[in-house]
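For reference, target_25.csv (CSV, C-alpha atoms and all ligand atoms):
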chain,number,residue,atom,x,y,z
A,257,MET,CA,-25.0,4.5,30.0
A,258,TRP,CA,-21.3,5.5,30.0
A,259,ASP,CA,-21.1,5.0,33.8
A,260,GLU,CA,-22.4,1.5,33.3
A,261,VAL,CA,-19.9,0.9,30.5
A,262,MET,CA,-17.0,2.2,32.4
A,263,GLY,CA,-18.0,0.1,35.4
A,264,ALA,CA,-18.1,-3.0,33.3
A,265,VAL,CA,-14.8,-2.2,31.7
A,266,GLY,CA,-13.2,-1.6,35.1
A,267,GLU,CA,-14.6,-4.9,36.4
A,268,CYS,CA,-13.2,-6.9,33.4
A,269,LEU,CA,-9.8,-5.3,33.8
A,270,SER,CA,-9.6,-5.7,37.6
A,271,LYS,CA,-10.7,-9.3,37.5
A,272,GLY,CA,-8.7,-10.2,34.4
A,273,ASP,CA,-11.9,-11.3,32.6
A,274,LEU,CA,-10.4,-10.7,29.1
A,275,ILE,CA,-10.9,-13.8,27.0
A,276,ALA,CA,-13.9,-16.2,26.8
A,277,ARG,CA,-15.4,-15.3,30.2
A,278,GLN,CA,-18.9,-15.0,31.5
A,279,GLN,CA,-19.5,-11.5,29.9
A,280,LEU,CA,-19.0,-13.1,26.4
A,281,GLU,CA,-21.4,-15.9,27.2
A,282,ASP,CA,-24.0,-13.5,28.6
A,283,PHE,CA,-23.8,-11.3,25.5
A,284,GLU,CA,-24.0,-14.3,23.2
A,285,ALA,CA,-27.2,-15.5,24.9
A,286,ASN,CA,-28.8,-12.1,24.9
A,287,LEU,CA,-28.0,-11.5,21.2
A,288,ALA,CA,-29.3,-14.9,20.3
A,289,LYS,CA,-32.6,-14.0,22.0
A,290,PHE,CA,-32.7,-10.6,20.2
A,291,ILE,CA,-32.2,-12.2,16.8
A,292,GLY,CA,-34.4,-15.2,17.6
A,293,VAL,CA,-31.8,-18.0,17.0
A,294,LYS,CA,-30.4,-20.9,19.0
A,295,HIS,CA,-26.7,-20.0,18.9
A,296,VAL,CA,-24.6,-16.8,18.7
A,297,MET,CA,-20.8,-16.9,18.7
A,298,GLY,CA,-18.9,-13.7,19.2
A,299,MET,CA,-16.2,-13.2,16.6
A,300,ASN,CA,-13.4,-10.7,16.1
A,301,SER,CA,-15.2,-9.1,13.1
A,302,GLY,CA,-18.0,-9.4,10.6
A,303,THR,CA,-15.4,-10.3,8.0
A,304,ASP,CA,-14.3,-13.4,10.0
A,305,ALA,CA,-17.9,-14.3,10.6
A,306,LEU,CA,-18.4,-14.5,6.8
A,307,LEU,CA,-15.1,-16.3,6.2
A,308,ILE,CA,-15.7,-18.9,8.9
A,309,SER,CA,-19.4,-19.3,7.9
A,310,LEU,CA,-18.4,-20.5,4.4
A,311,LYS,CA,-15.6,-22.6,5.8
A,312,ALA,CA,-17.9,-24.3,8.3
A,313,ALA,CA,-20.4,-24.9,5.5
A,314,GLY,CA,-17.8,-26.7,3.4
A,315,ILE,CA,-17.5,-24.1,0.6
A,316,LYS,CA,-14.4,-24.9,-1.4
A,317,GLN,CA,-12.5,-24.5,-4.7
A,318,GLY,CA,-14.7,-25.1,-7.7
A,319,ASP,CA,-17.9,-23.9,-5.9
A,320,GLU,CA,-19.8,-20.7,-6.9
A,321,VAL,CA,-21.4,-18.4,-4.5
A,322,ILE,CA,-24.0,-15.8,-5.6
A,323,THR,CA,-23.8,-12.3,-4.0
A,324,VAL,CA,-23.8,-8.6,-5.0
A,325,SER,CA,-21.0,-6.2,-5.9
A,326,HIS,CA,-22.8,-3.4,-4.1
A,327,THR,CA,-21.4,-4.4,-0.7
A,328,PHE,CA,-18.3,-4.0,1.5
A,329,VAL,CA,-15.5,-6.0,-0.1
A,330,ALA,CA,-15.4,-8.4,2.9
A,331,THR,CA,-18.5,-10.2,1.5
A,332,ILE,CA,-16.7,-11.1,-1.7
A,333,MET,CA,-13.3,-11.7,0.0
A,334,SER,CA,-14.9,-14.4,2.1
A,335,ILE,CA,-15.8,-16.3,-1.0
A,336,VAL,CA,-12.4,-15.8,-2.7
A,337,PHE,CA,-10.4,-16.8,0.4
A,338,ASN,CA,-12.4,-20.1,0.6
A,339,GLY,CA,-11.2,-20.8,-2.9
A,340,ALA,CA,-14.7,-20.4,-4.5
A,341,THR,CA,-15.9,-18.0,-7.2
A,342,PRO,CA,-18.2,-15.1,-6.6
A,343,LYS,CA,-21.1,-14.7,-9.0
A,344,LEU,CA,-22.1,-11.1,-8.7
A,345,ILE,CA,-25.7,-9.9,-9.5
A,346,ASP,CA,-27.1,-6.5,-9.7
A,347,VAL,CA,-29.2,-4.6,-7.2
A,348,GLY,CA,-32.8,-3.3,-7.5
A,349,GLN,CA,-34.4,0.1,-6.9
A,350,ASP,CA,-33.9,-0.3,-3.1
A,351,MET,CA,-30.2,-0.9,-3.5
A,352,GLU,CA,-30.5,-4.5,-2.2
A,353,MET,CA,-29.8,-7.7,-4.2
A,354,ASP,CA,-32.3,-7.9,-7.1
A,355,VAL,CA,-33.9,-11.2,-6.3
A,356,SER,CA,-35.6,-11.4,-9.6
A,357,LYS,CA,-32.1,-12.1,-11.1
A,358,LEU,CA,-31.2,-14.8,-8.5
A,359,GLU,CA,-32.5,-17.9,-10.2
A,360,ARG,CA,-30.8,-17.1,-13.6
A,361,ALA,CA,-27.5,-16.9,-11.8
A,362,VAL,CA,-27.7,-20.4,-10.4
A,363,SER,CA,-25.4,-22.9,-12.2
A,364,LYS,CA,-24.4,-26.5,-11.6
A,365,ARG,CA,-21.5,-25.2,-9.5
A,366,THR,CA,-23.6,-22.9,-7.3
A,367,LYS,CA,-23.4,-23.9,-3.6
A,368,ALA,CA,-24.5,-20.8,-1.7
A,369,ILE,CA,-26.1,-17.4,-1.7
A,370,ILE,CA,-25.0,-14.5,0.4
A,371,PRO,CA,-27.8,-11.9,0.6
A,372,VAL,CA,-26.4,-8.7,1.9
A,373,HIS,CA,-28.9,-6.7,4.0
A,374,LEU,CA,-27.5,-3.3,3.2
A,375,ASN,CA,-28.1,0.1,4.9
A,376,GLY,CA,-30.4,-1.6,7.5
A,377,ARG,CA,-32.8,-3.1,5.1
A,378,MET,CA,-33.2,-6.8,4.3
A,379,VAL,CA,-33.0,-8.5,1.0
A,380,ASP,CA,-36.4,-10.1,0.3
A,381,MET,CA,-35.7,-13.4,2.0
A,382,ARG,CA,-39.0,-14.9,0.9
A,383,VAL,CA,-37.6,-15.2,-2.6
A,384,VAL,CA,-34.0,-16.1,-1.5
A,385,HIS,CA,-35.4,-19.0,0.5
A,386,GLU,CA,-37.6,-20.1,-2.4
A,387,VAL,CA,-34.6,-20.2,-4.8
A,388,ALA,CA,-32.3,-21.8,-2.2
A,389,ASP,CA,-34.8,-24.5,-1.4
A,390,LYS,CA,-35.5,-25.3,-5.1
A,391,HIS,CA,-31.8,-25.7,-5.9
A,392,GLY,CA,-30.5,-27.1,-2.6
A,393,LEU,CA,-28.3,-24.0,-1.8
A,394,ILE,CA,-26.9,-22.8,1.5
A,395,ILE,CA,-27.7,-19.2,2.6
A,396,VAL,CA,-25.2,-17.2,4.6
A,397,GLU,CA,-26.7,-13.8,5.5
A,398,ASP,CA,-24.4,-10.8,5.5
A,399,ALA,CA,-26.3,-8.9,8.2
A,400,ALA,CA,-23.4,-6.7,9.1
A,401,GLN,CA,-25.5,-3.6,8.5
A,402,ALA,CA,-28.9,-4.8,9.6
A,403,LEU,CA,-29.1,-6.0,13.2
A,404,GLY,CA,-32.8,-5.8,14.1
A,405,ALA,CA,-34.2,-5.5,10.6
A,406,LYS,CA,-37.1,-7.7,9.4
A,407,VAL,CA,-39.0,-8.6,6.2
A,408,GLY,CA,-42.2,-10.6,6.7
A,409,LYS,CA,-41.5,-13.4,9.2
A,410,TYR,CA,-37.7,-13.2,8.6
A,411,HIS,CA,-35.4,-11.6,11.0
A,412,SER,CA,-32.0,-10.3,9.8
A,413,GLY,CA,-29.5,-13.1,10.3
A,414,GLY,CA,-32.1,-15.4,11.7
A,415,SER,CA,-33.1,-17.7,8.9
A,416,GLY,CA,-30.0,-18.6,6.8
A,417,LEU,CA,-27.6,-21.4,7.8
A,418,THR,CA,-25.7,-18.5,9.4
A,419,GLY,CA,-26.0,-14.8,9.9
A,420,CYS,CA,-22.9,-12.5,10.1
A,421,PHE,CA,-22.9,-9.3,12.1
A,422,SER,CA,-20.4,-6.5,12.5
A,423,PHE,CA,-19.9,-4.4,15.6
A,424,TYR,CA,-17.5,-2.0,13.9
A,425,PRO,CA,-18.0,1.4,15.8
A,426,ALA,CA,-20.1,2.9,13.0
A,427,LYS,CA,-22.5,0.0,13.0
A,428,ILE,CA,-26.0,0.0,14.5
A,429,LEU,CA,-24.6,-1.8,17.5
A,430,GLY,CA,-20.9,-0.7,17.7
A,431,CYS,CA,-18.2,-1.7,20.1
A,432,ALA,CA,-14.9,0.1,21.0
A,433,GLY,CA,-12.9,-1.3,18.1
A,434,ASP,CA,-13.5,-4.4,15.9
A,435,GLY,CA,-16.0,-7.1,16.7
A,436,GLY,CA,-18.5,-9.4,15.1
A,437,ALA,CA,-20.8,-12.3,15.6
A,438,LEU,CA,-22.2,-15.4,13.8
A,439,SER,CA,-25.7,-16.7,14.4
A,440,THR,CA,-27.1,-20.1,13.6
A,441,ASN,CA,-29.9,-22.5,14.4
A,442,ASP,CA,-27.7,-25.5,13.4
A,443,ASP,CA,-26.1,-27.3,16.3
A,444,GLU,CA,-23.4,-28.9,14.1
A,445,ILE,CA,-22.4,-25.5,12.5
A,446,ALA,CA,-22.3,-23.9,16.0
A,447,THR,CA,-19.9,-26.6,17.3
A,448,LYS,CA,-17.7,-26.2,14.3
A,449,VAL,CA,-17.6,-22.4,14.4
A,450,ARG,CA,-16.8,-22.5,18.2
A,451,LEU,CA,-13.7,-24.6,17.2
A,452,LEU,CA,-12.8,-22.6,14.1
A,453,ARG,CA,-12.8,-19.3,16.0
A,454,ASP,CA,-10.5,-20.7,18.7
A,455,HIS,CA,-7.6,-22.5,16.8
A,456,GLY,CA,-9.6,-25.7,16.6
A,457,PHE,CA,-9.1,-26.0,20.3
A,458,LYS,CA,-11.6,-27.8,22.5
A,459,ARG,CA,-11.1,-26.0,25.8
A,460,ASP,CA,-12.8,-28.5,28.1
A,461,THR,CA,-10.8,-31.5,26.9
A,462,ASN,CA,-7.6,-29.7,25.7
A,463,GLU,CA,-7.9,-31.4,22.3
A,464,LEU,CA,-7.1,-29.8,19.0
A,465,LEU,CA,-9.8,-31.0,16.7
A,466,MET,CA,-9.0,-29.1,13.5
A,467,TYR,CA,-6.8,-26.2,12.2
A,468,GLY,CA,-8.6,-23.0,13.1
A,469,PHE,CA,-8.2,-19.2,13.5
A,470,ASN,CA,-7.9,-16.7,16.3
A,471,SER,CA,-11.2,-15.0,15.8
A,472,ARG,CA,-12.8,-14.6,19.2
A,473,LEU,CA,-14.7,-11.5,20.4
A,474,ASP,CA,-12.8,-10.0,23.3
A,475,ASN,CA,-14.5,-10.3,26.6
A,476,LEU,CA,-14.2,-6.5,27.2
A,477,GLN,CA,-16.0,-5.8,23.9
A,478,ALA,CA,-18.7,-8.3,24.8
A,479,ALA,CA,-19.3,-6.6,28.2
A,480,ILE,CA,-19.7,-3.2,26.4
A,481,LEU,CA,-22.0,-4.6,23.7
A,482,ASP,CA,-24.2,-6.3,26.2
A,483,ILE,CA,-24.9,-3.0,27.9
A,484,LYS,CA,-25.6,-1.3,24.6
A,485,LEU,CA,-27.8,-4.1,23.3
A,486,LYS,CA,-30.4,-3.3,26.0
A,487,ARG,CA,-30.8,0.2,24.4
A,488,LEU,CA,-30.9,-1.0,20.8
A,489,PRO,CA,-34.7,-1.1,20.4
A,490,GLN,CA,-34.9,2.6,21.4
A,491,TRP,CA,-32.0,3.5,19.2
A,492,ILE,CA,-33.6,1.8,16.2
A,493,GLU,CA,-36.8,3.7,16.9
A,494,ARG,CA,-34.9,6.9,16.9
A,495,ARG,CA,-33.2,6.0,13.6
A,496,ARG,CA,-36.6,5.4,12.1
A,497,GLN,CA,-37.9,8.8,13.3
A,498,ILE,CA,-34.8,10.4,11.7
A,499,ALA,CA,-35.6,8.6,8.4
A,500,ASP,CA,-39.2,9.9,8.6
A,501,MET,CA,-37.9,13.5,9.1
A,502,TYR,CA,-35.6,13.1,6.1
A,503,GLU,CA,-38.4,11.7,4.0
A,504,GLN,CA,-40.8,14.5,4.9
A,505,GLY,CA,-38.2,17.2,4.5
A,506,LEU,CA,-36.7,16.0,1.2
A,507,GLU,CA,-39.6,14.5,-0.7
A,508,GLY,CA,-39.7,16.1,-4.2
A,509,VAL,CA,-36.6,18.2,-3.7
A,510,GLY,CA,-34.5,18.5,-6.9
A,511,ASP,CA,-33.6,15.2,-8.5
A,512,LEU,CA,-33.2,13.4,-5.1
A,513,VAL,CA,-34.1,9.7,-4.8
A,514,LEU,CA,-34.8,8.8,-1.2
A,515,MET,CA,-34.6,5.5,0.8
A,516,PRO,CA,-37.6,3.3,1.0
A,517,SER,CA,-40.1,4.7,3.5
A,518,THR,CA,-40.5,3.6,7.1
A,519,LYS,CA,-44.2,2.8,6.2
A,520,GLY,CA,-42.9,-0.7,5.5
A,521,GLU,CA,-44.3,-1.3,2.0
A,522,GLY,CA,-44.0,-5.0,1.4
A,523,ASP,CA,-43.8,-5.9,5.1
A,524,TYR,CA,-40.3,-4.5,5.6
A,525,PHE,CA,-39.0,-3.2,9.0
A,526,ASP,CA,-35.9,-1.2,8.1
A,527,VAL,CA,-33.5,-0.1,10.8
A,528,TYR,CA,-31.6,2.6,8.8
A,529,GLN,CA,-28.0,1.8,9.5
A,530,ASN,CA,-27.5,4.5,6.9
A,531,TYR,CA,-29.7,7.1,5.2
A,532,VAL,CA,-28.5,7.0,1.6
A,533,ILE,CA,-29.9,9.5,-1.0
A,534,ARG,CA,-29.1,9.5,-4.7
A,535,THR,CA,-28.5,12.4,-7.0
A,536,GLU,CA,-26.8,13.0,-10.3
A,537,LYS,CA,-25.3,16.1,-8.7
A,538,ARG,CA,-23.7,14.0,-5.9
A,539,ASP,CA,-20.2,15.5,-5.8
A,540,ALA,CA,-21.4,19.1,-6.0
A,541,LEU,CA,-24.0,18.4,-3.3
A,542,GLN,CA,-21.3,16.9,-1.1
A,543,ALA,CA,-19.1,19.9,-1.5
A,544,HIS,CA,-22.0,22.2,-0.7
A,545,MET,CA,-22.7,20.2,2.5
A,546,ARG,CA,-19.1,20.3,3.5
A,547,GLU,CA,-19.0,24.1,3.0
A,548,HIS,CA,-21.9,24.3,5.4
A,549,GLY,CA,-20.4,22.1,8.0
A,550,VAL,CA,-22.3,18.8,7.3
A,551,GLU,CA,-20.3,15.7,7.0
A,552,THR,CA,-21.6,13.1,4.5
A,553,LEU,CA,-20.1,9.8,3.2
A,554,ILE,CA,-19.9,8.0,-0.1
A,555,SER,CA,-20.2,4.2,0.1
A,556,TRP,CA,-18.8,3.4,-2.5
A,557,SER,CA,-17.5,5.7,-5.1
A,558,LYS,CA,-16.2,2.9,-7.3
A,559,ALA,CA,-18.2,-0.3,-7.7
A,560,THR,CA,-16.3,-3.3,-6.1
A,561,HIS,CA,-16.2,-5.3,-9.3
A,562,THR,CA,-14.5,-2.5,-11.2
A,563,HIS,CA,-11.3,-2.5,-9.1
A,564,PRO,CA,-8.9,-4.3,-11.4
A,565,ALA,CA,-6.8,-5.7,-8.6
A,566,LEU,CA,-9.7,-7.9,-7.4
A,567,GLY,CA,-9.9,-9.8,-10.7
A,568,LEU,CA,-13.7,-9.4,-10.9
A,569,THR,CA,-13.7,-7.6,-14.2
A,570,GLY,CA,-15.9,-8.7,-17.1
A,571,VAL,CA,-19.1,-8.3,-15.1
A,572,SER,CA,-21.6,-5.6,-16.2
A,573,LEU,CA,-23.9,-4.4,-13.4
A,574,PRO,CA,-25.5,-1.2,-14.6
A,575,LYS,CA,-27.5,-0.4,-11.5
A,576,THR,CA,-24.5,-1.0,-9.2
A,577,GLU,CA,-22.3,1.1,-11.4
A,578,GLY,CA,-24.9,3.9,-11.3
A,579,LEU,CA,-25.0,3.9,-7.5
A,580,ALA,CA,-21.3,4.4,-7.3
A,581,ARG,CA,-21.9,7.7,-9.2
A,582,THR,CA,-24.9,8.9,-7.3
A,583,VAL,CA,-25.0,7.7,-3.6
A,584,LEU,CA,-24.5,10.0,-0.6
A,585,SER,CA,-25.0,9.0,3.0
A,586,LEU,CA,-26.5,11.7,5.2
A,587,PRO,CA,-25.8,11.9,9.0
A,588,MET,CA,-27.6,9.1,10.7
A,589,PHE,CA,-27.1,8.2,14.4
A,590,PRO,CA,-29.6,8.1,17.3
A,591,GLU,CA,-27.9,11.0,19.1
A,592,LEU,CA,-28.8,13.5,16.3
A,593,GLU,CA,-31.0,16.3,17.5
A,594,ASP,CA,-34.1,17.3,15.6
A,595,SER,CA,-32.6,20.8,15.0
A,596,GLU,CA,-29.5,19.1,13.4
A,597,ILE,CA,-31.7,17.1,11.1
A,598,ASP,CA,-33.6,20.2,10.1
A,599,TYR,CA,-30.3,21.9,9.4
A,600,VAL,CA,-29.2,19.0,7.1
A,601,ILE,CA,-32.5,19.2,5.3
A,602,GLU,CA,-32.4,23.0,4.9
A,603,THR,CA,-28.8,22.8,3.7
A,604,ILE,CA,-29.8,20.3,1.0
A,605,LYS,CA,-32.7,22.5,0.0
A,606,SER,CA,-30.5,25.5,-0.3
A,607,PHE,CA,-28.3,23.6,-2.8
A,608,TYR,CA,-31.3,23.1,-5.1
A,609,SER,CA,-32.8,26.6,-4.7
B,701,LIG,C1,-22.0,-5.3,4.3
B,701,LIG,C2,-20.8,-5.6,5.2
B,701,LIG,N1,-20.3,-6.8,5.2
B,701,LIG,C3,-19.2,-7.1,6.0
B,701,LIG,C4,-18.6,-6.2,6.8
B,701,LIG,C5,-17.4,-6.6,7.5
B,701,LIG,O1,-17.5,-6.3,8.9
B,701,LIG,P1,-16.2,-6.0,9.8
B,701,LIG,O2,-15.8,-4.6,9.5
B,701,LIG,O3,-16.7,-6.1,11.2
B,701,LIG,O4,-15.1,-6.9,9.5
B,701,LIG,C6,-19.1,-4.9,6.8
B,701,LIG,C7,-18.5,-3.8,7.6
B,701,LIG,O5,-18.1,-2.8,7.2
B,701,LIG,C8,-20.2,-4.6,6.0
B,701,LIG,O6,-20.7,-3.4,5.9
Mind converting the file's structure to structure tokens?
Amino acid sequence: MWDEVMGAVGECLSKGDLIARQQLEDFEANLAKFIGVKHVMGMNSGTDALLISLKAAGIKQGDEVITVSHTFVATIMSIVFNGATPKLIDVGQDMEMDVSKLERAVSKRTKAIIPVHLNGRMVDMRVVHEVADKHGLIIVEDAAQALGAKVGKYHSGGSGLTGCFSFYPAKILGCAGDGGALSTNDDEIATKVRLLRDHGFKRDTNELLMYGFNSRLDNLQAAILDIKLKRLPQWIERRRQIADMYEQGLEGVGDLVLMPSTKGEGDYFDVYQNYVIRTEKRDALQAHMREHGVETLISWSKATHTHPALGLTGVSLPKTEGLARTVLSLPMFPELEDSEIDYVIETIKSFYS
């Protein structure tokens, strides 16, 4: 694959295909097909995809948007920077938005819901759509961590007004720096987003139709992503195999709580962007892993709503706050060898024995 990538990079550089060229259009068309939507627009990041989604949807000061605190801060920032108020709800046992709490969070000011499909698993969109339809709310899917995931008939980023994806290098489809995309089936939103990501500039007529941003996906990144996208189904399969190995190796070990199984209970198809375990002995386990040469990650050690600088205080979300104390992400990427996964499992077992 790397020869193909280097070839594509060389071609972009030698031809000067750097901004808004054919490679970007090709990638957008291929990604739209993969997600099952009409339009995809490459953006400079998942953050801007969220920000511009809410702007294109007309979210403004005085509006409320329901989402979770157990997410990357960009989700909440996109609401605040559009002048609206985030209404944060707690997560369920699977670490995703607890949809049983959704309807109670709706007020007269609520205009939108941002379900965040975290760790490669989708929020139960069957319930999200039901509540949104009943109350006339917009859905913007934060699918930054879940390209390729499904629940029932819903594809990640495929059924909301928009879906927002990130190609940050550690993501399931990563580029060589920052990148993102916005998906939609709505023609009007697609037209608006194309303008908003490009200074409000209509390139074919040279008109400025609105104030906009500079938020395009670089052509070079698009060329790289298009090559990697072809391999994505096999990489997702490998991630699911790794999740199976963790599940078989770690079931019943110590006080560990594992991720939902690949068996797809409730019609889920998870893509395991991360494999997150939970334990009350998290910090000691992480130190033990480090001593044995295994790098693990904590996302996030302090719940987003408890950072005073963000002004989100006064919210009590016991499950989210509990996760901040207990979550630990194990190595998870398709290149992992079986022997390396076995080593991770054995190292965890040695901690508890
Ligand atoms: C859930 C979630 N939302 C939004 C983002 C923002 O994406 P980006 O880093 O591409 O701006 C991320 C990326 O880390 C994320 O994990």
Cut-off 7 Å, only C-alpha atoms and all ligand atoms, neighbours of ligand LIG 701 (chain B) as a list in words: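 The distance check yields Ser301, Gly302, Thr303, Asp304, Thr327, Phe328, Ala330, Thr331, Val372, Leu374, Asp398, Ala399, Ala400, Gln401, Phe421, Ser422, Phe423, Tyr424, Asp434, Gly435 and Gly436 of chain A.
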Using all atoms listed in the file, the best pick from A:Leu344, A:Ile308, A:Val600, A:Met351 as closest to Gly570 of chain A would be A:Leu344
Please measure the separation of atom CA of Thr418 of chain A and atom CA of Val396 of chain A, giving the value in Å to one decimal. 5.0 Å
So how far away is atom CA of Ala426 of chain A from atom CA of His373 of chain A, in Å?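 It comes out at 15.8 Å.
Closest approach to Arg487 of chain A from the set A:Pro342, A:Gly522, A:Pro590, A:Gly272 is made by A:Pro590, with distances taken over all atoms listed in the file.
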For the atom pair atom CA of Leu417 of chain A and atom CA of Ala405 of chain A, what is the interatomic distance in Å to one decimal place?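 It comes out at 17.4 Å.
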Contact residues around segment 288-293 of chain A with all atoms listed in the file at 7 Å, ignoring same-chain residues under 4 positions, as a PDB file with C-alpha atoms, in the coordinates of the input:
ATOM      1  CA  GLU A 284     -24.000 -14.300  23.200  1.00  0.00           C
ATOM      2  CA  GLY A 404     -32.800  -5.800  14.100  1.00  0.00           C
ATOM      3  CA  HIS A 411     -35.400 -11.600  11.000  1.00  0.00           C
ATOM      4  CA  GLY A 414     -32.100 -15.400  11.700  1.00  0.00           C
ATOM      5  CA  SER A 439     -25.700 -16.700  14.400  1.00  0.00           C
ATOM      6  CA  THR A 440     -27.100 -20.100  13.600  1.00  0.00           C
ATOM      7  CA  ASN A 441     -29.900 -22.500  14.400  1.00  0.00           C
TER       8      ASN A 441
END
Which polymer residues have any atom within 12 Å of an atom of Gln504 of chain A, counting all atoms listed in the file, with same-chain residues fewer than 2 positions away left out, as a ChimeraX atom specification? /A:497-502,506-509,514-515,517-518,597-598,601-602
